[in-house]
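The next block is data23.cif, given as mmCIF, C-alpha atoms.
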data_upload
loop_
_atom_site.label_atom_id
_atom_site.label_comp_id
_atom_site.auth_asym_id
_atom_site.auth_seq_id
_atom_site.Cartn_x
_atom_site.Cartn_y
_atom_site.Cartn_z
CA MET G 5 96.46 103.79 106.33
CA ASN G 6 96.92 101.39 103.41
CA SER G 7 99.46 103.72 101.83
CA LYS G 8 101.67 103.21 104.87
CA ILE G 9 101.83 99.42 104.51
CA PRO G 10 104.64 99.38 101.87
CA LEU G 11 106.60 101.81 104.02
CA VAL G 12 106.21 99.61 107.09
CA ILE G 13 107.17 96.50 105.12
CA GLY G 14 110.18 98.32 103.66
CA ALA G 15 111.34 99.49 107.06
CA ALA G 16 110.94 95.99 108.47
CA LEU G 17 113.03 94.56 105.62
CA VAL G 18 115.77 97.13 106.20
CA VAL G 19 115.86 96.30 109.92
CA ALA G 20 115.90 92.56 109.22
CA ALA G 21 118.70 92.94 106.66
CA SER G 22 120.73 95.09 109.08
CA LEU G 23 120.32 92.54 111.84
CA TYR G 24 121.22 89.66 109.52
CA PHE G 25 124.33 91.22 108.00
CA GLY G 26 125.31 93.07 111.15
CA THR G 27 125.60 89.86 113.14
CA ARG G 28 127.31 87.80 110.46
CA ASN G 29 131.02 87.30 110.54
CA ILE G 30 133.41 86.60 107.69
CA ALA G 31 134.51 83.50 109.53
CA ASP G 32 130.97 82.13 109.15
CA LEU G 33 130.93 82.52 105.39
CA PRO G 34 129.26 79.76 103.46
CA SER G 35 131.21 77.75 100.92
CA PHE G 36 131.76 79.09 97.44
CA GLY G 37 128.67 80.27 95.62
CA LEU G 38 127.85 82.94 93.13
CA ASN G 39 124.81 84.46 94.80
CA SER G 40 126.25 87.81 95.82
CA GLY G 41 123.49 88.31 98.36
CA GLN G 42 125.08 85.62 100.54
CA HIS G 43 128.49 87.19 100.58
CA LEU G 44 129.85 89.90 102.82
CA PRO G 45 131.85 92.82 101.45
CA ALA G 46 135.62 92.44 101.81
CA PRO G 47 137.05 94.68 104.53
CA GLN G 48 138.28 97.99 103.13
CA VAL G 49 141.83 97.84 104.38
CA THR G 50 145.09 99.33 103.21
CA VAL G 51 148.31 97.40 103.71
CA THR G 52 151.95 98.14 102.90
CA ASP G 53 153.87 95.72 100.72
CA LEU G 54 157.46 94.59 101.28
CA ASN G 55 158.68 97.50 99.12
CA GLY G 56 156.83 100.05 101.21
CA GLN G 57 154.06 100.62 98.65
CA PRO G 58 150.53 101.06 100.03
CA LEU G 59 147.92 98.65 98.67
CA SER G 60 144.27 99.41 99.16
CA MET G 61 141.52 96.83 98.77
CA ALA G 62 139.45 99.60 97.18
CA SER G 63 141.96 99.86 94.35
CA TYR G 64 141.14 96.27 93.33
CA ARG G 65 137.46 97.04 92.84
CA GLY G 66 136.26 95.62 89.53
CA ASP G 67 138.87 92.84 89.62
CA VAL G 68 139.05 89.43 91.24
CA VAL G 69 141.41 89.15 94.21
CA LEU G 70 142.79 86.19 96.12
CA VAL G 71 143.99 87.24 99.57
CA ASP G 72 146.27 84.62 101.10
CA PHE G 73 147.26 84.63 104.78
CA TRP G 74 150.42 82.54 105.10
CA ALA G 75 153.81 82.20 106.79
CA THR G 76 157.22 81.17 105.54
CA TRP G 77 157.55 78.31 108.04
CA CYS G 78 154.07 76.92 107.30
CA ASP G 79 154.38 73.85 105.11
CA PRO G 80 150.84 73.83 103.65
CA CYS G 81 151.29 77.54 102.82
CA ARG G 82 154.52 76.78 100.99
CA GLN G 83 152.75 74.09 98.99
CA GLU G 84 150.12 76.54 97.78
CA ILE G 85 152.35 79.44 96.81
CA PRO G 86 153.75 78.06 93.50
CA HIS G 87 150.13 77.54 92.40
CA PHE G 88 149.28 81.13 93.25
CA VAL G 89 152.30 82.29 91.22
CA GLU G 90 150.98 80.23 88.33
CA LEU G 91 147.43 81.59 88.69
CA GLN G 92 148.76 85.14 88.80
CA ASN G 93 150.69 84.56 85.57
CA LYS G 94 147.78 82.89 83.84
CA TYR G 95 144.95 85.29 84.72
CA ARG G 96 146.66 88.62 85.32
CA GLY G 97 145.47 89.94 81.96
CA GLN G 98 141.85 89.20 82.86
CA GLY G 99 141.88 91.28 86.03
CA PHE G 100 143.05 88.76 88.60
CA HIS G 101 145.38 89.60 91.48
CA VAL G 102 146.89 87.67 94.34
CA LEU G 103 147.72 89.52 97.54
CA GLY G 104 149.83 87.68 100.11
CA ILE G 105 149.61 88.59 103.79
CA SER G 106 152.50 87.12 105.72
CA MET G 107 151.86 86.28 109.36
CA ASP G 108 155.55 85.83 110.11
CA ASP G 109 156.72 87.75 113.16
CA GLY G 110 159.11 89.86 111.05
CA PRO G 111 159.79 90.65 107.37
CA ARG G 112 163.34 89.26 107.09
CA PRO G 113 162.46 85.62 106.29
CA VAL G 114 159.60 86.83 104.09
CA ARG G 115 161.91 88.83 101.83
CA GLU G 116 164.20 85.80 101.44
CA PHE G 117 161.25 83.54 100.74
CA TYR G 118 159.84 86.00 98.20
CA GLU G 119 163.05 85.80 96.18
CA THR G 120 163.47 82.04 96.52
CA TYR G 121 159.93 81.25 95.42
CA LYS G 122 160.00 83.93 92.69
CA MET G 123 156.74 85.34 93.93
CA ASN G 124 155.10 87.59 91.33
CA TYR G 125 152.47 89.29 93.46
CA PRO G 126 152.62 91.77 96.33
CA VAL G 127 153.11 90.57 99.88
CA ALA G 128 152.39 92.64 102.98
CA MET G 129 153.05 91.88 106.63
CA GLY G 130 149.90 91.04 108.55
CA ASP G 131 149.01 91.41 112.20
CA ALA G 132 146.19 90.53 114.57
CA LYS G 133 144.17 93.66 113.71
CA LEU G 134 144.24 92.93 109.99
CA ALA G 135 143.40 89.28 110.62
CA GLU G 136 140.40 90.31 112.71
CA ARG G 137 139.13 92.53 109.90
CA PHE G 138 138.93 89.30 107.88
CA GLY G 139 137.04 87.51 110.62
CA GLY G 140 140.08 86.10 112.39
CA VAL G 141 142.96 83.99 111.13
CA LEU G 142 143.35 81.27 113.75
CA GLY G 143 145.27 78.83 111.59
CA LEU G 144 147.22 78.89 108.35
CA PRO G 145 146.85 79.11 105.46
CA VAL G 146 143.58 80.97 105.06
CA SER G 147 142.59 82.33 101.66
CA PHE G 148 139.75 84.59 100.58
CA LEU G 149 138.43 85.00 97.07
CA ILE G 150 136.96 88.40 96.38
CA GLY G 151 134.78 89.02 93.35
CA ARG G 152 134.66 92.01 91.03
CA ASP G 153 131.91 93.47 93.21
CA GLY G 154 134.20 93.56 96.23
CA ARG G 155 132.42 90.73 98.04
CA ILE G 156 134.03 87.64 99.53
CA TYR G 157 132.92 84.54 97.66
CA ALA G 158 135.05 81.92 99.34
CA ARG G 159 137.11 81.34 102.45
CA HIS G 160 139.47 78.37 102.40
CA VAL G 161 141.06 77.21 105.63
CA GLY G 162 144.05 74.90 105.28
CA GLU G 163 145.78 73.68 102.17
CA THR G 164 143.37 73.68 99.25
CA ASP G 165 143.79 71.98 95.93
CA ALA G 166 144.98 74.29 93.15
CA SER G 167 142.16 73.12 90.88
CA VAL G 168 139.58 74.42 93.38
CA PHE G 169 141.12 77.89 93.33
CA GLU G 170 141.40 77.91 89.56
CA LYS G 171 137.79 76.88 89.04
CA GLU G 172 136.57 79.58 91.41
CA VAL G 173 138.80 82.23 89.86
CA GLN G 174 137.52 81.34 86.40
CA GLN G 175 133.91 81.57 87.58
CA LEU G 176 134.45 84.95 89.21
CA LEU G 177 136.37 86.31 86.23
CA ALA G 178 133.57 85.22 83.93
CA ARG G 179 131.14 87.48 85.73
CA PRO G 180 130.91 90.94 84.17
CA PRO G 181 132.01 93.71 86.57
CA ALA G 182 128.50 95.16 86.59
CA SER G 183 126.76 92.00 87.86
CA GLY G 184 126.14 92.00 91.54
CA LEU G 185 127.50 95.51 91.97
CA MET P 8 199.69 26.53 130.43
CA PHE P 9 198.44 27.57 133.81
CA LYS P 10 199.39 31.13 133.04
CA SER P 11 197.68 30.90 129.73
CA THR P 12 194.47 29.61 131.34
CA ASP P 13 194.66 32.43 133.85
CA MET P 14 194.92 34.91 131.04
CA THR P 15 191.95 33.31 129.31
CA ASN P 16 189.92 33.57 132.50
CA GLY P 17 190.98 37.20 132.77
CA HIS P 18 189.78 37.83 129.24
CA ILE P 19 186.48 36.09 129.98
CA CYS P 20 186.02 38.18 133.15
CA SER P 21 186.86 41.37 131.31
CA PHE P 22 184.48 40.45 128.48
CA ARG P 23 181.68 39.66 130.96
CA ALA P 24 182.26 42.94 132.77
CA LYS P 25 182.08 44.87 129.50
CA LYS P 26 178.95 42.97 128.49
CA LEU P 27 177.33 43.71 131.85
CA GLY P 28 178.28 47.36 131.59
CA PHE P 29 176.84 47.56 128.10
CA LEU P 30 173.58 45.95 129.24
CA LEU P 31 173.45 48.27 132.22
CA ILE P 32 173.86 51.36 130.02
CA LEU P 33 171.33 49.98 127.56
CA GLY P 34 168.90 49.34 130.40
CA ILE P 35 169.24 52.90 131.60
CA ALA P 36 169.14 54.49 128.16
CA MET P 37 166.41 52.33 126.61
CA PRO P 38 163.43 53.90 128.37
CA ALA P 39 164.67 57.36 127.37
CA LEU P 40 165.26 56.19 123.79
CA LEU P 41 161.83 54.59 123.60
CA HIS P 42 160.28 57.70 125.11
CA ALA P 43 161.93 59.91 122.51
CA ALA P 44 161.05 57.57 119.66
CA SER P 45 157.40 57.33 120.64
CA GLY P 46 156.90 61.05 119.97
CA PRO P 47 155.40 63.75 122.17
CA GLN P 48 153.14 62.92 125.06
CA LEU P 49 149.80 64.42 124.08
CA ILE P 50 147.07 66.14 125.98
CA GLN P 51 143.60 66.57 124.49
CA PRO P 52 141.88 69.98 124.49
CA ALA P 53 139.09 68.82 126.80
CA GLU P 54 141.60 67.53 129.35
CA LEU P 55 143.59 70.76 129.33
CA ALA P 56 140.42 72.84 129.60
CA LYS P 57 139.51 70.81 132.69
CA LEU P 58 142.95 71.37 134.21
CA LEU P 59 142.51 75.12 133.71
CA GLN P 60 139.44 75.00 135.93
CA GLY P 61 141.21 73.01 138.62
CA PRO P 62 143.46 74.21 141.44
CA GLU P 63 146.29 76.49 140.41
CA SER P 64 148.89 74.10 141.82
CA HIS P 65 147.81 71.47 139.25
CA ARG P 66 147.94 73.82 136.30
CA PRO P 67 150.82 73.47 133.87
CA LEU P 68 152.97 76.20 132.42
CA ILE P 69 151.42 76.62 128.96
CA ILE P 70 153.62 77.86 126.14
CA GLN P 71 152.42 78.85 122.67
CA VAL P 72 155.04 78.07 120.05
CA GLY P 73 153.19 79.37 116.98
CA PHE P 74 152.93 82.86 115.52
CA ARG P 75 152.44 86.16 117.33
CA SER P 76 149.31 87.37 115.56
CA LEU P 77 147.59 84.07 116.34
CA TYR P 78 148.49 84.53 120.00
CA GLU P 79 147.26 88.13 119.96
CA GLN P 80 143.93 87.16 118.41
CA ALA P 81 143.27 84.27 120.76
CA HIS P 82 145.29 82.23 123.21
CA ILE P 83 144.80 79.92 126.16
CA PRO P 84 144.48 82.06 129.31
CA ASN P 85 147.81 82.53 131.09
CA SER P 86 149.72 80.88 128.29
CA GLU P 87 152.98 82.50 127.24
CA TYR P 88 154.25 83.25 123.77
CA VAL P 89 157.81 82.42 122.70
CA GLY P 90 157.60 82.49 118.90
CA ALA P 91 157.54 79.88 116.17
CA THR P 92 159.90 77.15 117.34
CA SER P 93 160.52 75.95 113.81
CA GLN P 94 162.74 79.06 113.74
CA ALA P 95 165.99 79.50 115.66
CA ASP P 96 164.71 82.65 117.41
CA GLY P 97 161.64 80.84 118.75
CA LEU P 98 163.69 77.92 120.06
CA LYS P 99 166.09 80.34 121.73
CA GLU P 100 163.22 82.12 123.47
CA LEU P 101 161.75 78.80 124.61
CA HIS P 102 165.11 77.73 126.01
CA LYS P 103 165.49 81.05 127.82
CA ARG P 104 162.00 80.86 129.29
CA VAL P 105 162.35 77.41 130.84
CA GLN P 106 166.06 77.30 131.63
CA ALA P 107 165.70 78.11 135.33
CA LEU P 108 162.69 75.86 135.93
CA PRO P 109 162.87 72.57 137.83
CA ARG P 110 163.00 69.69 135.36
CA GLU P 111 159.89 68.07 136.82
CA ARG P 112 157.77 71.17 136.02
CA PHE P 113 154.57 70.28 134.17
CA ILE P 114 154.70 72.08 130.82
CA VAL P 115 152.16 72.04 127.98
CA LEU P 116 153.22 73.17 124.53
CA TYR P 117 150.76 74.16 121.87
CA CYS P 118 150.68 75.77 118.46
CA GLY P 119 147.54 75.34 116.34
CA CYS P 120 148.96 77.08 113.30
CA CYS P 121 148.19 74.22 110.97
CA PRO P 122 146.79 70.68 110.95
CA TRP P 123 148.64 68.43 113.42
CA SER P 124 150.55 66.46 110.78
CA HIS P 125 151.83 69.70 109.20
CA CYS P 126 152.70 71.67 112.32
CA PRO P 127 156.40 72.55 112.08
CA ASN P 128 156.61 74.04 115.58
CA VAL P 129 155.57 71.51 118.22
CA GLN P 130 158.13 68.79 117.46
CA PRO P 131 161.22 71.03 117.69
CA ALA P 132 159.85 72.60 120.87
CA TYR P 133 159.20 69.20 122.43
CA ARG P 134 162.65 67.91 121.44
CA GLU P 135 164.27 71.02 122.92
CA LEU P 136 162.58 70.49 126.27
CA GLN P 137 163.46 66.79 126.21
CA ALA P 138 167.07 67.64 125.51
CA MET P 139 167.03 70.08 128.43
CA GLY P 140 165.90 67.28 130.72
CA PHE P 141 162.22 68.14 131.15
CA ARG P 142 160.26 64.94 131.65
CA ASN P 143 156.77 66.22 132.36
CA VAL P 144 156.01 67.83 129.02
CA ARG P 145 152.87 67.31 127.01
CA VAL P 146 151.78 68.71 123.68
CA LEU P 147 148.23 69.88 123.11
CA TYR P 148 146.74 67.85 120.29
CA ILE P 149 145.17 70.27 117.83
CA ALA P 150 143.84 68.34 114.89
CA ASN P 151 143.14 71.20 112.47
CA ASN P 152 143.95 74.60 113.91
CA PHE P 153 143.53 76.62 117.09
CA GLY P 154 140.36 78.28 115.81
CA ALA P 155 138.54 75.07 114.97
CA ASP P 156 139.78 72.89 117.80
CA TRP P 157 139.92 75.30 120.72
CA VAL P 158 138.12 78.62 120.10
CA ASP P 159 135.12 77.18 118.23
CA LYS P 160 134.72 74.46 120.88
CA GLY P 161 134.08 77.15 123.48
CA TYR P 162 137.20 76.56 125.58
CA PRO P 163 138.50 79.60 127.48
CA VAL P 164 140.33 82.21 125.43
CA SER P 165 142.24 85.40 126.16
CA LYS P 166 143.21 88.10 123.67
CA GLY P 167 146.06 90.54 123.31
CA ASN P 168 149.67 90.44 124.44
#
Full structure transcribed into structure tokens:
Amino acid sequence: MNSKIPLVIGAALVVAASLYFGTRNIADLPSFGLNSGQHLPAPQVTVTDLNGQPLSMASYRGDVVLVDFWATWCDPCRQEIPHFVELQNKYRGQGFHVLGISMDDGPRPVREFYETYKMNYPVAMGDAKLAERFGGVLGLPVSFLIGRDGRIYARHVGETDASVFEKEVQQLLARPPASGL
Amino acid sequence: MFKSTDMTNGHICSFRAKKLGFLLILGIAMPALLHAASGPQLIQPAELAKLLQGPESHRPLIIQVGFRSLYEQAHIPNSEYVGATSQADGLKELHKRVQALPRERFIVLYCGCCPWSHCPNVQPAYRELQAMGFRNVRVLYIANNFGADWVDKGYPVSKGN
């Protein structure tokens, strides 16, 4: 009888964890923190960039990724983009990537914007299904910071100061790929 | 001398007539100018939600002037999508949608893409309807975004196209 107690406790923990994580939504993510247990895995999606190249979230595993939902006509989005270009330049060598997801209705203005702003990271066209995989994008911009372990460590809604992103990127890059995996 | 005086009186009459005409035009135009200068007439989310529960005859035509994927994820029931009205295509669609409507039609515009002070879509949409002669137009005041100020508040939502 006693030998069954650890099994029962284990099963109860598994059920509790399933219920906890199963009912949580990315949109309910807590603010930035490094305890990987609090952070949901990023959705395993594949998108197609403006050049027609497929980009899989799985291919970024082991690196830090900033996923930015934006639109060309969105002023706060436009304010953030030069900072993302800068971050991409500064931390590319350390395994940092920015992935832009445009929520424009069509790619034409996005291509023009890409050239004008000299964007140096891939941009894909987003839609409602993709947005829902990230817990819903019901306002712009929305950015997610994904750690080397493939978990989402931060969700920023609205224009966010560049220094906040940089600090978080530095913290996530400083973590060895093995930790939290 | 007499003739001269007559001419002077004529000038005075003509000047007075012009002045009166100017004041008349100003009197007619001023309310419209003040209306335009004061910015959009707002409606708060709670007030609109209440209207949605009321009789159909009191409900406004609700038009979303933001982005398609936002509309597809969540929109106000029975609202219609025209596209981002900061873009020429969106404004064109808006114009097309309302062109045949009576100018007293109650219309509510909303976006919710971004915080109110940054929204690039509602002002052009409002100005377009004003220019078309619509006088019963209100803009839904969304302080932060549609998610935070409508969906998360528990107001009614529809999904899809």
> Of the candidates G:Glu136, G:Ile105, G:Gly162, G:Val173, which shows the shortest atom-to-atom distance to Asn151 (chain P), using all atoms listed in the file?
Replying inline: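 Smallest distance to Asn151 (chain P) is found for G:Gly162.
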So that each row is one residue of region 32-89 of chain G with an atom at most 12 Å from region 62-79 of chain P, can you give its shortest atom pair and the distance in Å to one decimal, using all atoms listed in the file, rows by chain and rising number, as a tab-separated table?
residue	atom	partner	partner_atom	distance
G:Phe73	CA	P:Ser76	CA	11.3
G:Trp74	CA	P:Phe74	CA	10.7
G:Ala75	CA	P:Phe74	CA	8.8
G:Thr76	CA	P:Phe74	CA	11.0
G:Trp77	CA	P:Phe74	CA	9.9
G:Cys78	CA	P:Gly73	CA	10.0
Output the selection as a PDB file, keeping the file's coordinate frame - C-alpha atoms for each residue.
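again06.pdb, written as the output of this step:
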ATOM      1  CA  PHE G  73     147.260  84.630 104.780  1.00  0.00           C
ATOM      2  CA  TRP G  74     150.420  82.540 105.100  1.00  0.00           C
ATOM      3  CA  ALA G  75     153.810  82.200 106.790  1.00  0.00           C
ATOM      4  CA  THR G  76     157.220  81.170 105.540  1.00  0.00           C
ATOM      5  CA  TRP G  77     157.550  78.310 108.040  1.00  0.00           C
ATOM      6  CA  CYS G  78     154.070  76.920 107.300  1.00  0.00           C
TER       7      CYS G  78
END
Show me, as JSON lines, the residues of chain G having an atom within 8 Å of chain P, each with the closest atom pair and its distance in Å, using only C-alpha atoms.
{"residue": "G:Trp77", "atom": "CA", "partner": "P:Ser93", "partner_atom": "CA", "distance": 6.9}
{"residue": "G:Cys78", "atom": "CA", "partner": "P:Pro127", "partner_atom": "CA", "distance": 6.9}
{"residue": "G:Asp79", "atom": "CA", "partner": "P:His125", "partner_atom": "CA", "distance": 6.4}
{"residue": "G:Pro80", "atom": "CA", "partner": "P:His125", "partner_atom": "CA", "distance": 7.0}
{"residue": "G:Met107", "atom": "CA", "partner": "P:Ser76", "partner_atom": "CA", "distance": 6.8}
{"residue": "G:Asp108", "atom": "CA", "partner": "P:Phe74", "partner_atom": "CA", "distance": 6.7}
{"residue": "G:Asp109", "atom": "CA", "partner": "P:Arg75", "partner_atom": "CA", "distance": 6.2}
{"residue": "G:Gly130", "atom": "CA", "partner": "P:Ser76", "partner_atom": "CA", "distance": 7.9}
{"residue": "G:Asp131", "atom": "CA", "partner": "P:Ser76", "partner_atom": "CA", "distance": 5.3}
{"residue": "G:Ala132", "atom": "CA", "partner": "P:Ser76", "partner_atom": "CA", "distance": 4.5}
{"residue": "G:Ala135", "atom": "CA", "partner": "P:Ser76", "partner_atom": "CA", "distance": 7.9}
{"residue": "G:Glu136", "atom": "CA", "partner": "P:Gln80", "partner_atom": "CA", "distance": 7.4}
{"residue": "G:Gly140", "atom": "CA", "partner": "P:Gln80", "partner_atom": "CA", "distance": 7.2}
{"residue": "G:Val141", "atom": "CA", "partner": "P:Leu77", "partner_atom": "CA", "distance": 7.0}
{"residue": "G:Leu142", "atom": "CA", "partner": "P:Gly154", "partner_atom": "CA", "distance": 4.7}
{"residue": "G:Gly143", "atom": "CA", "partner": "P:Cys120", "partner_atom": "CA", "distance": 4.4}
{"residue": "G:Leu144", "atom": "CA", "partner": "P:Cys121", "partner_atom": "CA", "distance": 5.4}
{"residue": "G:Pro145", "atom": "CA", "partner": "P:Cys121", "partner_atom": "CA", "distance": 7.5}
{"residue": "G:Gly162", "atom": "CA", "partner": "P:Cys121", "partner_atom": "CA", "distance": 7.1}
> How far is it from CA of Ile150 (chain G) to CA of Gln57 (chain G), in Å with one decimal?
Replying inline: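 Rounded to one decimal, the two atoms are 21.1 Å apart.
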> CA of Ala46 (chain G) to CA of Phe117 (chain G): how many Å, to one decimal?
Replying inline: 27.2 Å
> Using only C-alpha atoms, which of the listed residues (P:Leu49, P:Ala95, P:Met139, P:Leu59) sits closest to Leu108 (chain P)?
Replying inline: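 Between P:Leu49, P:Ala95, P:Met139, P:Leu59, the residue approaching Leu108 (chain P) most closely is P:Met139.
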>> Between CA of His43 (chain G) and CA of Asp67 (chain G), what distance in Å does the model show, to one decimal?
In response: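 These atoms are spaced 16.1 Å apart.
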What would region 138-155 of chain G look like if you wrote it out as a PDB file, in the first residue's frame, with N, CA and C atoms included, from the block I just posted?
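As a result, result-v1.pdb now contains:
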ATOM      1  N   PHE G 138      -0.520  32.695 -30.929  1.00  0.00           N
ATOM      2  CA  PHE G 138       0.240  33.460 -29.940  1.00  0.00           C
ATOM      3  C   PHE G 138      -0.682  34.055 -28.873  1.00  0.00           C
ATOM      4  N   GLY G 139      -1.851  33.536 -28.749  1.00  0.00           N
ATOM      5  CA  GLY G 139      -2.752  33.988 -27.696  1.00  0.00           C
ATOM      6  C   GLY G 139      -3.624  35.162 -28.076  1.00  0.00           C
ATOM      7  N   GLY G 140      -3.595  35.533 -29.359  1.00  0.00           N
ATOM      8  CA  GLY G 140      -4.410  36.657 -29.826  1.00  0.00           C
ATOM      9  C   GLY G 140      -3.610  37.951 -29.907  1.00  0.00           C
ATOM     10  N   VAL G 141      -3.791  38.647 -31.010  1.00  0.00           N
ATOM     11  CA  VAL G 141      -3.130  39.951 -31.175  1.00  0.00           C
ATOM     12  C   VAL G 141      -4.245  40.957 -31.430  1.00  0.00           C
ATOM     13  N   LEU G 142      -4.753  41.527 -30.349  1.00  0.00           N
ATOM     14  CA  LEU G 142      -5.919  42.415 -30.444  1.00  0.00           C
ATOM     15  C   LEU G 142      -5.514  43.873 -30.236  1.00  0.00           C
ATOM     16  N   GLY G 143      -4.376  44.215 -30.776  1.00  0.00           N
ATOM     17  CA  GLY G 143      -3.837  45.565 -30.703  1.00  0.00           C
ATOM     18  C   GLY G 143      -2.390  45.475 -31.162  1.00  0.00           C
ATOM     19  N   LEU G 144      -1.847  46.580 -31.611  1.00  0.00           N
ATOM     20  CA  LEU G 144      -0.470  46.579 -32.106  1.00  0.00           C
ATOM     21  C   LEU G 144       0.333  47.686 -31.454  1.00  0.00           C
ATOM     22  N   PRO G 145       1.644  47.536 -31.351  1.00  0.00           N
ATOM     23  CA  PRO G 145       2.392  46.313 -31.608  1.00  0.00           C
ATOM     24  C   PRO G 145       2.296  45.350 -30.424  1.00  0.00           C
ATOM     25  N   VAL G 146       2.565  44.085 -30.701  1.00  0.00           N
ATOM     26  CA  VAL G 146       2.714  43.090 -29.634  1.00  0.00           C
ATOM     27  C   VAL G 146       3.999  42.334 -29.922  1.00  0.00           C
ATOM     28  N   SER G 147       4.850  42.223 -28.916  1.00  0.00           N
ATOM     29  CA  SER G 147       6.133  41.537 -29.105  1.00  0.00           C
ATOM     30  C   SER G 147       6.308  40.440 -28.074  1.00  0.00           C
ATOM     31  N   PHE G 148       6.920  39.346 -28.515  1.00  0.00           N
ATOM     32  CA  PHE G 148       7.194  38.215 -27.635  1.00  0.00           C
ATOM     33  C   PHE G 148       8.691  37.956 -27.624  1.00  0.00           C
ATOM     34  N   LEU G 149       9.204  37.697 -26.443  1.00  0.00           N
ATOM     35  CA  LEU G 149      10.621  37.331 -26.342  1.00  0.00           C
ATOM     36  C   LEU G 149      10.715  35.861 -25.974  1.00  0.00           C
ATOM     37  N   ILE G 150      11.380  35.121 -26.839  1.00  0.00           N
ATOM     38  CA  ILE G 150      11.472  33.674 -26.662  1.00  0.00           C
ATOM     39  C   ILE G 150      12.913  33.318 -26.304  1.00  0.00           C
ATOM     40  N   GLY G 151      13.055  32.533 -25.246  1.00  0.00           N
ATOM     41  CA  GLY G 151      14.391  32.167 -24.771  1.00  0.00           C
ATOM     42  C   GLY G 151      14.987  31.009 -25.555  1.00  0.00           C
ATOM     43  N   ARG G 152      16.208  30.675 -25.204  1.00  0.00           N
ATOM     44  CA  ARG G 152      16.918  29.589 -25.894  1.00  0.00           C
ATOM     45  C   ARG G 152      16.216  28.249 -25.728  1.00  0.00           C
ATOM     46  N   ASP G 153      15.404  28.138 -24.678  1.00  0.00           N
ATOM     47  CA  ASP G 153      14.680  26.891 -24.432  1.00  0.00           C
ATOM     48  C   ASP G 153      13.335  26.847 -25.158  1.00  0.00           C
ATOM     49  N   GLY G 154      13.081  27.837 -25.983  1.00  0.00           N
ATOM     50  CA  GLY G 154      11.842  27.836 -26.765  1.00  0.00           C
ATOM     51  C   GLY G 154      10.621  28.298 -25.987  1.00  0.00           C
ATOM     52  N   ARG G 155      10.835  28.876 -24.813  1.00  0.00           N
ATOM     53  CA  ARG G 155       9.698  29.357 -24.021  1.00  0.00           C
ATOM     54  C   ARG G 155       9.561  30.878 -24.145  1.00  0.00           C
TER      55      ARG G 155
END
